[in-house]
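Reproduced below: upload04.cif, with mmCIF, C-alpha atoms.
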data_final
#
loop_
_atom_site.group_PDB
_atom_site.id
_atom_site.type_symbol
_atom_site.label_atom_id
_atom_site.label_comp_id
_atom_site.auth_asym_id
_atom_site.auth_seq_id
_atom_site.Cartn_x
_atom_site.Cartn_y
_atom_site.Cartn_z
ATOM 1 C CA MET A 1 -13.031 21.750 12.491
ATOM 2 C CA GLN A 2 -12.608 21.937 8.713
ATOM 3 C CA GLN A 3 -8.822 21.677 9.050
ATOM 4 C CA ALA A 4 -9.130 18.507 11.136
ATOM 5 C CA MET A 5 -11.509 16.996 8.575
ATOM 6 C CA THR A 6 -9.187 17.633 5.622
ATOM 7 C CA ARG A 7 -6.257 16.120 7.556
ATOM 8 C CA SER A 8 -8.113 12.819 7.875
ATOM 9 C CA ILE A 9 -7.837 10.546 4.829
ATOM 10 C CA LEU A 10 -9.551 7.465 6.250
ATOM 11 C CA GLU A 11 -11.645 7.056 9.380
ATOM 12 C CA VAL A 12 -12.952 3.691 10.537
ATOM 13 C CA LYS A 13 -15.267 3.243 13.529
ATOM 14 C CA GLY A 14 -16.680 0.062 15.075
ATOM 15 C CA LEU A 15 -16.105 -1.913 11.872
ATOM 16 C CA ASN A 16 -17.215 -5.543 11.619
ATOM 17 C CA VAL A 17 -16.657 -7.605 8.469
ATOM 18 C CA THR A 18 -17.664 -11.228 7.896
ATOM 19 C CA ARG A 19 -16.910 -13.792 5.205
ATOM 20 C CA ASN A 20 -19.333 -16.683 4.675
ATOM 21 C CA GLY A 21 -20.924 -15.895 8.010
ATOM 22 C CA THR A 22 -17.613 -15.981 9.907
ATOM 23 C CA PRO A 23 -16.388 -12.790 11.643
ATOM 24 C CA VAL A 24 -13.045 -11.705 10.161
ATOM 25 C CA ILE A 25 -12.726 -8.117 11.437
ATOM 26 C CA GLU A 26 -14.274 -7.131 14.757
ATOM 27 C CA ASN A 27 -14.853 -3.618 16.128
ATOM 28 C CA ALA A 28 -11.976 -2.000 14.210
ATOM 29 C CA ALA A 29 -11.432 1.698 14.863
ATOM 30 C CA PHE A 30 -8.602 3.900 13.577
ATOM 31 C CA THR A 31 -7.849 7.119 11.706
ATOM 32 C CA ILE A 32 -5.325 7.517 8.890
ATOM 33 C CA ASN A 33 -4.118 11.086 8.432
ATOM 34 C CA ARG A 34 -2.726 12.780 5.369
ATOM 35 C CA GLY A 35 0.940 11.851 4.975
ATOM 36 C CA ASP A 36 0.863 8.661 7.063
ATOM 37 C CA TYR A 37 2.916 5.662 5.907
ATOM 38 C CA VAL A 38 1.266 2.629 7.485
ATOM 39 C CA GLY A 39 2.481 -0.956 7.584
ATOM 40 C CA ILE A 40 -0.333 -3.510 7.960
ATOM 41 C CA VAL A 41 0.932 -6.736 9.505
ATOM 42 C CA GLY A 42 -0.412 -9.900 11.096
ATOM 43 C CA PRO A 43 -0.602 -13.661 10.614
ATOM 44 C CA ASN A 44 -1.982 -15.264 7.455
ATOM 45 C CA GLY A 45 -5.762 -15.357 7.604
ATOM 46 C CA GLY A 46 -5.868 -12.594 10.194
ATOM 47 C CA GLY A 47 -7.936 -10.246 8.039
ATOM 48 C CA LYS A 48 -5.433 -7.894 6.363
ATOM 49 C CA THR A 49 -6.755 -8.303 2.813
ATOM 50 C CA THR A 50 -10.335 -8.376 4.107
ATOM 51 C CA LEU A 51 -9.829 -4.986 5.730
ATOM 52 C CA LEU A 52 -8.496 -3.439 2.521
ATOM 53 C CA SER A 53 -11.383 -4.968 0.565
ATOM 54 C CA ALA A 54 -13.885 -3.430 2.978
ATOM 55 C CA ILE A 55 -12.191 -0.008 2.802
ATOM 56 C CA LEU A 56 -12.409 -0.105 -1.003
ATOM 57 C CA GLY A 57 -16.038 -1.252 -0.970
ATOM 58 C CA PHE A 58 -15.272 -4.668 -2.460
ATOM 59 C CA LEU A 59 -16.719 -6.351 0.631
ATOM 60 C CA PRO A 60 -19.720 -5.169 2.641
ATOM 61 C CA HIS A 61 -19.342 -4.485 6.351
ATOM 62 C CA THR A 62 -21.941 -5.687 8.820
ATOM 63 C CA ALA A 63 -21.464 -2.904 11.374
ATOM 64 C CA GLY A 64 -19.612 0.353 11.835
ATOM 65 C CA SER A 65 -18.571 3.022 9.365
ATOM 66 C CA ILE A 66 -15.842 3.841 6.851
ATOM 67 C CA CYS A 67 -15.204 7.440 5.761
ATOM 68 C CA LEU A 68 -12.834 8.361 2.932
ATOM 69 C CA PHE A 69 -11.728 12.002 2.702
ATOM 70 C CA GLY A 70 -14.528 12.934 5.087
ATOM 71 C CA THR A 71 -17.255 11.141 3.094
ATOM 72 C CA GLU A 72 -19.136 7.997 4.093
ATOM 73 C CA LEU A 73 -18.086 5.063 1.906
ATOM 74 C CA SER A 74 -21.566 4.571 0.426
ATOM 75 C CA LYS A 75 -21.521 8.178 -0.838
ATOM 76 C CA PHE A 76 -17.860 8.387 -1.828
ATOM 77 C CA SER A 77 -17.221 8.909 -5.555
ATOM 78 C CA SER A 78 -13.752 10.512 -5.824
ATOM 79 C CA TRP A 79 -12.019 7.217 -6.542
ATOM 80 C CA GLN A 80 -9.360 8.958 -8.654
ATOM 81 C CA LYS A 81 -7.840 10.007 -5.321
ATOM 82 C CA ILE A 82 -7.127 6.361 -4.470
ATOM 83 C CA ALA A 83 -4.853 3.795 -6.097
ATOM 84 C CA TYR A 84 -4.946 0.086 -5.261
ATOM 85 C CA ILE A 85 -2.272 -2.477 -6.130
ATOM 86 C CA SER A 86 -3.381 -6.033 -5.411
ATOM 87 C CA GLN A 87 -1.469 -9.242 -4.804
ATOM 88 C CA GLN A 88 -2.332 -10.315 -8.371
ATOM 89 C CA ALA A 89 -1.098 -7.146 -10.078
ATOM 90 C CA THR A 90 1.863 -8.865 -11.754
ATOM 91 C CA ASN A 91 -0.010 -12.042 -12.735
ATOM 92 C CA PHE A 92 -0.347 -11.407 -16.444
ATOM 93 C CA GLU A 93 0.525 -13.375 -19.587
ATOM 94 C CA ASP A 94 4.296 -13.393 -20.161
ATOM 95 C CA GLN A 95 3.822 -12.558 -23.826
ATOM 96 C CA PHE A 96 1.620 -9.523 -23.120
ATOM 97 C CA PRO A 97 2.693 -7.256 -26.022
ATOM 98 C CA LEU A 98 3.255 -3.942 -24.243
ATOM 99 C CA THR A 99 6.355 -2.049 -23.271
ATOM 100 C CA VAL A 100 6.783 -0.714 -19.753
ATOM 101 C CA ARG A 101 6.135 2.835 -20.967
ATOM 102 C CA GLU A 102 2.984 1.776 -22.807
ATOM 103 C CA LEU A 103 1.566 -0.023 -19.777
ATOM 104 C CA VAL A 104 2.269 2.897 -17.450
ATOM 105 C CA SER A 105 0.543 5.210 -19.947
ATOM 106 C CA LEU A 106 -2.719 3.289 -19.445
ATOM 107 C CA GLY A 107 -2.994 5.075 -16.106
ATOM 108 C CA CYS A 108 -3.616 8.305 -18.033
ATOM 109 C CA ILE A 109 -6.875 6.960 -19.463
ATOM 110 C CA LYS A 110 -9.762 8.608 -17.679
ATOM 111 C CA LYS A 111 -13.326 7.404 -17.399
ATOM 112 C CA GLY A 112 -15.354 8.512 -20.403
ATOM 113 C CA LYS A 113 -12.232 9.336 -22.452
ATOM 114 C CA LEU A 114 -11.159 5.906 -23.662
ATOM 115 C CA GLY A 115 -10.829 6.957 -27.295
ATOM 116 C CA ARG A 116 -8.775 10.100 -26.942
ATOM 117 C CA ARG A 117 -5.151 10.342 -28.035
ATOM 118 C CA PHE A 118 -2.423 10.797 -25.478
ATOM 119 C CA THR A 119 -1.084 14.333 -25.335
ATOM 120 C CA PRO A 120 2.558 15.406 -24.890
ATOM 121 C CA GLU A 121 1.558 16.323 -21.330
ATOM 122 C CA ASP A 122 0.353 12.746 -20.742
ATOM 123 C CA TRP A 123 3.654 11.297 -21.937
ATOM 124 C CA ALA A 124 5.574 13.797 -19.803
ATOM 125 C CA ILE A 125 3.680 12.532 -16.737
ATOM 126 C CA VAL A 126 4.417 8.923 -17.727
ATOM 127 C CA ASP A 127 8.128 9.600 -18.157
ATOM 128 C CA GLU A 128 8.306 11.598 -14.919
ATOM 129 C CA ASN A 129 6.857 8.693 -12.940
ATOM 130 C CA LEU A 130 9.005 6.099 -14.685
ATOM 131 C CA ASP A 131 12.024 8.173 -13.694
ATOM 132 C CA PHE A 132 10.782 8.578 -10.121
ATOM 133 C CA MET A 133 10.327 4.821 -9.757
ATOM 134 C CA GLY A 134 13.776 4.108 -11.234
ATOM 135 C CA LEU A 135 12.480 2.553 -14.467
ATOM 136 C CA SER A 136 13.626 4.966 -17.171
ATOM 137 C CA ASP A 137 16.322 2.557 -18.338
ATOM 138 C CA VAL A 138 13.778 -0.229 -18.973
ATOM 139 C CA ALA A 139 10.930 1.953 -20.297
ATOM 140 C CA ASN A 140 11.060 0.432 -23.792
ATOM 141 C CA ARG A 141 11.377 -3.189 -22.699
ATOM 142 C CA ARG A 142 8.508 -5.634 -22.950
ATOM 143 C CA ILE A 143 6.934 -6.046 -19.552
ATOM 144 C CA SER A 144 7.651 -9.787 -19.704
ATOM 145 C CA GLN A 145 11.374 -8.951 -19.511
ATOM 146 C CA LEU A 146 11.143 -7.290 -16.110
ATOM 147 C CA SER A 147 12.096 -8.743 -12.761
ATOM 148 C CA GLY A 148 9.462 -9.107 -10.052
ATOM 149 C CA GLY A 149 10.621 -5.964 -8.267
ATOM 150 C CA GLN A 150 10.610 -3.947 -11.488
ATOM 151 C CA LYS A 151 7.067 -5.102 -12.287
ATOM 152 C CA GLN A 152 5.822 -3.884 -8.934
ATOM 153 C CA ARG A 153 7.509 -0.502 -9.349
ATOM 154 C CA MET A 154 5.949 -0.330 -12.827
ATOM 155 C CA PHE A 155 2.458 -0.730 -11.367
ATOM 156 C CA VAL A 156 3.163 1.976 -8.811
ATOM 157 C CA ALA A 157 4.323 4.255 -11.670
ATOM 158 C CA LYS A 158 1.066 3.484 -13.507
ATOM 159 C CA ALA A 159 -0.938 4.340 -10.382
ATOM 160 C CA LEU A 160 0.911 7.638 -10.008
ATOM 161 C CA THR A 161 -0.194 8.932 -13.408
ATOM 162 C CA HIS A 162 -3.582 9.992 -12.027
ATOM 163 C CA LYS A 163 -1.962 11.660 -9.000
ATOM 164 C CA PRO A 164 -3.550 9.679 -6.160
ATOM 165 C CA GLU A 165 -3.537 10.997 -2.620
ATOM 166 C CA LEU A 166 -3.838 7.516 -1.073
ATOM 167 C CA ILE A 167 -2.208 4.271 -2.230
ATOM 168 C CA LEU A 168 -3.171 0.865 -0.849
ATOM 169 C CA LEU A 169 -0.885 -2.094 -1.584
ATOM 170 C CA ASP A 170 -1.614 -5.711 -0.673
ATOM 171 C CA GLU A 171 1.609 -7.733 -0.248
ATOM 172 C CA PRO A 172 3.113 -6.229 -3.411
ATOM 173 C CA ILE A 173 6.554 -7.837 -3.289
ATOM 174 C CA VAL A 174 5.948 -11.482 -2.423
ATOM 175 C CA GLY A 175 8.656 -13.648 -3.963
ATOM 176 C CA VAL A 176 11.230 -10.958 -4.789
ATOM 177 C CA ASP A 177 14.742 -10.877 -3.337
ATOM 178 C CA SER A 178 15.745 -8.738 -0.356
ATOM 179 C CA ASN A 179 17.597 -6.136 -2.441
ATOM 180 C CA ALA A 180 14.545 -5.598 -4.651
ATOM 181 C CA GLN A 181 12.338 -5.373 -1.555
ATOM 182 C CA GLU A 182 14.522 -2.690 -0.004
ATOM 183 C CA LYS A 183 14.553 -0.694 -3.252
ATOM 184 C CA PHE A 184 10.762 -0.933 -3.435
ATOM 185 C CA TYR A 185 10.216 0.236 0.158
ATOM 186 C CA LYS A 186 12.697 3.079 -0.373
ATOM 187 C CA LYS A 187 10.706 4.272 -3.393
ATOM 188 C CA LEU A 188 7.516 4.223 -1.350
ATOM 189 C CA SER A 189 9.274 6.254 1.347
ATOM 190 C CA ASP A 190 10.275 8.794 -1.290
ATOM 191 C CA LEU A 191 6.669 9.013 -2.497
ATOM 192 C CA ASN A 192 5.472 9.525 1.055
ATOM 193 C CA VAL A 193 8.036 12.205 1.906
ATOM 194 C CA GLU A 194 8.464 14.039 -1.394
ATOM 195 C CA ARG A 195 4.904 13.879 -2.718
ATOM 196 C CA GLN A 196 3.073 13.566 0.607
ATOM 197 C CA ILE A 197 1.146 10.532 -0.627
ATOM 198 C CA THR A 198 -0.534 8.550 2.138
ATOM 199 C CA ILE A 199 0.368 4.850 1.942
ATOM 200 C CA LEU A 200 -1.130 1.713 3.454
ATOM 201 C CA ILE A 201 0.777 -1.462 2.695
ATOM 202 C CA VAL A 202 0.124 -5.056 3.746
ATOM 203 C CA THR A 203 3.458 -6.744 4.363
ATOM 204 C CA HIS A 204 5.195 -9.493 6.301
ATOM 205 C CA ASP A 205 8.458 -7.520 6.394
ATOM 206 C CA LEU A 206 8.478 -6.211 9.958
ATOM 207 C CA THR A 207 11.982 -4.820 9.592
ATOM 208 C CA SER A 208 10.899 -2.466 6.806
ATOM 209 C CA VAL A 209 7.821 -1.441 8.780
ATOM 210 C CA PHE A 210 9.854 -0.345 11.794
ATOM 211 C CA CYS A 211 12.655 1.150 9.678
ATOM 212 C CA ARG A 212 10.655 3.165 7.194
ATOM 213 C CA MET A 213 7.031 3.608 8.220
ATOM 214 C CA SER A 214 5.337 6.052 10.567
ATOM 215 C CA LYS A 215 2.528 3.840 11.874
ATOM 216 C CA ILE A 216 1.775 0.148 12.267
ATOM 217 C CA MET A 217 -1.504 -1.733 12.156
ATOM 218 C CA CYS A 218 -1.538 -5.280 13.566
ATOM 219 C CA ILE A 219 -4.496 -7.403 12.506
ATOM 220 C CA ASN A 220 -5.717 -10.744 13.748
ATOM 221 C CA LYS A 221 -9.495 -10.298 13.753
ATOM 222 C CA THR A 222 -9.048 -7.293 16.048
ATOM 223 C CA VAL A 223 -7.026 -4.272 14.928
ATOM 224 C CA GLU A 224 -4.212 -2.690 16.955
ATOM 225 C CA PHE A 225 -2.980 0.657 15.638
ATOM 226 C CA ALA A 226 0.013 2.646 16.857
ATOM 227 C CA GLU A 227 2.489 5.324 15.890
ATOM 228 C CA ILE A 228 6.046 4.023 15.498
ATOM 229 C CA THR A 229 8.149 5.905 18.038
ATOM 230 C CA PRO A 230 11.270 5.047 20.057
ATOM 231 C CA ASN A 231 9.005 4.441 23.055
ATOM 232 C CA LEU A 232 6.706 1.955 21.314
ATOM 233 C CA ASP A 233 6.702 -1.482 22.944
ATOM 234 C CA ALA A 234 6.851 -3.433 19.679
ATOM 235 C CA ASN A 235 6.836 -6.822 21.369
ATOM 236 C CA MET A 236 3.659 -6.166 23.315
ATOM 237 C CA LEU A 237 1.915 -4.847 20.216
ATOM 238 C CA LEU A 238 2.993 -7.688 17.933
ATOM 239 C CA LYS A 239 2.242 -10.453 20.404
ATOM 240 C CA ARG A 240 -1.418 -9.428 20.390
ATOM 241 C CA ALA A 241 -1.514 -10.389 16.702
ATOM 242 C CA TYR A 242 1.080 -13.142 16.368
ATOM 243 C CA GLY A 243 0.826 -14.771 19.791
ATOM 244 C CA LYS A 244 3.056 -14.733 22.835
ATOM 245 C CA HIS A 245 5.546 -17.193 21.291
ATOM 246 C CA PHE A 246 6.943 -14.450 19.012
ATOM 247 C CA HIS A 247 9.624 -12.018 20.033
ATOM 248 C CA PHE A 248 10.769 -9.192 17.781
ATOM 249 C CA VAL A 249 14.374 -8.030 18.033
ATOM 250 C CA TYR A 250 14.932 -4.636 16.440
ATOM 251 C CA HIS A 251 18.291 -2.871 16.080
ATOM 252 C CA GLN A 252 17.452 0.715 15.180
ATOM 253 C CA HIS A 253 21.021 1.816 14.470
ATOM 254 C CA ASN A 254 21.475 -0.465 11.468
ATOM 255 C CA CYS A 255 17.836 -1.050 10.576
ATOM 256 C CA GLU A 256 17.698 -4.764 11.165
ATOM 257 C CA GLY A 257 15.066 -6.852 12.841
ATOM 258 C CA VAL A 258 14.236 -10.510 13.178
ATOM 259 C CA PHE A 259 11.548 -12.721 14.594
ATOM 260 C CA VAL A 260 12.777 -15.081 17.277
ATOM 261 C CA ALA A 261 10.411 -17.848 18.302
ATOM 262 C CA GLU A 262 10.468 -18.586 21.998
ATOM 263 C CA HIS A 263 10.215 -22.208 23.051
#
Can you dump the structure from the file as structure tokens?
Amino acid sequence: MQQAMTRSILEVKGLNVTRNGTPVIENAAFTINRGDYVGIVGPNGGGKTTLLSAILGFLPHTAGSICLFGTELSKFSSWQKIAYISQQATNFEDQFPLTVRELVSLGCIKKGKLGRRFTPEDWAIVDENLDFMGLSDVANRRISQLSGGQKQRMFVAKALTHKPELILLDEPIVGVDSNAQEKFYKKLSDLNVERQITILIVTHDLTSVFCRMSKIMCINKTVEFAEITPNLDANMLLKRAYGKHFHFVYHQHNCEGVFVAEH
């Protein structure tokens, strides 16, 4: 029993969430296990960000339960185990006077220790994560000089400094080119495989979900959750969220997929 409990990172049962009196999430139920890499997809306004906000306690839920690491959300306090990267993470002043290395080092600051000096061990952790995220060559640049993809990898590096076990990302690479997107998803795959970090990411990139991730969550008020296997009927699953006019064509051998709208 104890082994099963420690394997579960997040357990949601019968979850209902409303905004301004309107139901947004209804009767959601799923379990995220240690080491899962989950793509959260669905149409705009379907409830993806709302679900993350409820999991993190930013929004109250009207029914059901959320357990993190075996603890009910209202009693959970080990927030250092969780990192969250929002849609607005890169929306900062262009002239913000920090280098990439300095910004990533802010992740080493722990609650109650704001005034302490960074140790050589702290800087070693910073440099290790910059290297892991492919940012060593830009570590001393001002953050305003980075591309969109580099900024997102920088915020992941910052999150990694406190060694999270679960990372939640909400559409982290909107507006970056396809090459930068692929590099970003590859780095997340490396984190998942090499460091066994559990990842939940909201994305519209279905190709990357089916190429790289282990599970998929489709949200449009209701939540459909499935393991990505060769036998998964992707079309049936996705149509429940996007509507029957969508058809997903996936070519596993070369990792390509497209949406084709049926008329």
**Asked** From the set A:Glu128, A:Val193, A:Leu59, A:Trp79, which residue has the shortest atom-to-atom contact distance to Lys110 (chain A), counting all atoms listed in the file?
**Response** A:Trp79
**Asked** When the PyMOL selection byres ((chain A and resi 16) around 9) is applied to the file above, which residues end up in the set, as a count of residues only?
**Response** 15
**Asked** Can you list, as number ranges by chain, the residues that the PyMOL selection byres ((chain A and resi 135) around 10) selects here?
**Response** A: 100-101, 127-134, 136-140, 150-151, 153-154, 157
**Message:** Neighbouring residues of Leu103 (chain A) were defined as those with any atom within 9 Å, considering only C-alpha atoms; residues of the same chain fewer than 3 positions away were excluded. Please report them as a list in words.
**Reply:**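 Skipping anything fewer than 3 positions along the chain leaves Leu98, Thr99, Val100, Leu106, Gly107, Ile143, Met154, Phe155 and Lys158 of chain A.
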Selected residues written out with C-alpha atoms, as a tab-separated table (two decimals), in the coordinates of the input:
chain	number	residue	atom	x	y	z
A	98	LEU	CA	3.26	-3.94	-24.24
A	99	THR	CA	6.36	-2.05	-23.27
A	100	VAL	CA	6.78	-0.71	-19.75
A	106	LEU	CA	-2.72	3.29	-19.44
A	107	GLY	CA	-2.99	5.08	-16.11
A	143	ILE	CA	6.93	-6.05	-19.55
A	154	MET	CA	5.95	-0.33	-12.83
A	155	PHE	CA	2.46	-0.73	-11.37
A	158	LYS	CA	1.07	3.48	-13.51
**Message:** I'd like the residues picked by the PyMOL selection byres ((chain A and resi 81) around 8) written out as an MDAnalysis selection string, using the chain letters and numbers from the file.
**Reply:** chainID A and resid 78:80 82:83 162:166
**Request:** May I ask for the distance between CA of Ser53 (chain A) and CA of Leu232 (chain A), given in Å to one decimal place?
**Result:**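 So the two atoms, CA of Ser53 (chain A) and CA of Leu232 (chain A), lie 28.4 Å apart.
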**Request:** Have a look at CA of Arg142 (chain A) and CA of Val156 (chain A) and let me know their distance in Å, one decimal.
**Result:** 16.9 Å
Skipping near chain neighbours, those fewer than 5 positions away, what residues fall within 12 Å of Leu169 (chain A) using only C-alpha atoms, listed as a short mmCIF file (atom, residue, chain, number, x, y, z; two decimals) with C-alpha atoms, in the frame of the given file?
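Final output, saved to around26.cif:
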data_model
loop_
_atom_site.label_atom_id
_atom_site.label_comp_id
_atom_site.auth_asym_id
_atom_site.auth_seq_id
_atom_site.Cartn_x
_atom_site.Cartn_y
_atom_site.Cartn_z
CA TYR A 37 2.92 5.66 5.91
CA VAL A 38 1.27 2.63 7.48
CA GLY A 39 2.48 -0.96 7.58
CA ILE A 40 -0.33 -3.51 7.96
CA LYS A 48 -5.43 -7.89 6.36
CA THR A 49 -6.76 -8.30 2.81
CA LEU A 51 -9.83 -4.99 5.73
CA LEU A 52 -8.50 -3.44 2.52
CA SER A 53 -11.38 -4.97 0.56
CA LEU A 56 -12.41 -0.10 -1.00
CA ILE A 82 -7.13 6.36 -4.47
CA ALA A 83 -4.85 3.80 -6.10
CA TYR A 84 -4.95 0.09 -5.26
CA ILE A 85 -2.27 -2.48 -6.13
CA SER A 86 -3.38 -6.03 -5.41
CA GLN A 87 -1.47 -9.24 -4.80
CA GLN A 88 -2.33 -10.32 -8.37
CA ALA A 89 -1.10 -7.15 -10.08
CA GLN A 152 5.82 -3.88 -8.93
CA ARG A 153 7.51 -0.50 -9.35
CA PHE A 155 2.46 -0.73 -11.37
CA VAL A 156 3.16 1.98 -8.81
CA ALA A 159 -0.94 4.34 -10.38
CA VAL A 174 5.95 -11.48 -2.42
CA PHE A 184 10.76 -0.93 -3.44
CA TYR A 185 10.22 0.24 0.16
CA LEU A 188 7.52 4.22 -1.35
CA THR A 198 -0.53 8.55 2.14
CA ILE A 199 0.37 4.85 1.94
CA LEU A 200 -1.13 1.71 3.45
CA ILE A 201 0.78 -1.46 2.70
CA VAL A 202 0.12 -5.06 3.75
CA THR A 203 3.46 -6.74 4.36
#
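As for CA of Asp36 (chain A) and CA of Gly243 (chain A), they are spaced 26.7 Å apart.
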**Message:** Need the shell around Thr31 (chain A): protein/DNA/RNA residues with any atom at most 7 Å away, counting only C-alpha atoms. Skip same-chain ones fewer than 2 positions apart. Format as an MDAnalysis selection string?
**Reply:** chainID A and resid 8 10:12 33
Take the selection from the previous step and output its residues with C-alpha atoms, as a compact mmCIF listing (two decimals), in the frame of the given file.
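Writing done, so here's selection_22.txt:
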# COMPACT_ATOMS: atom_id res chain seq x y z
CA SER A 8 -8.11 12.82 7.88
CA LEU A 10 -9.55 7.46 6.25
CA GLU A 11 -11.64 7.06 9.38
CA VAL A 12 -12.95 3.69 10.54
CA ASN A 33 -4.12 11.09 8.43
**Counting only C-alpha atoms, the option among A:Val41, A:Ile32, A:Ile109, A:Ala241 closest to Ile167 (chain A)** =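 Among the listed residues, the smallest separation from Ile167 (chain A) belongs to A:Ile32.
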**Prompt:** Nearest to Thr207 (chain A) among A:Thr222, A:Leu160, A:Leu73, A:Ala234, with distances taken over all atoms listed in the file: which residue is it?
**Reply:** A:Ala234
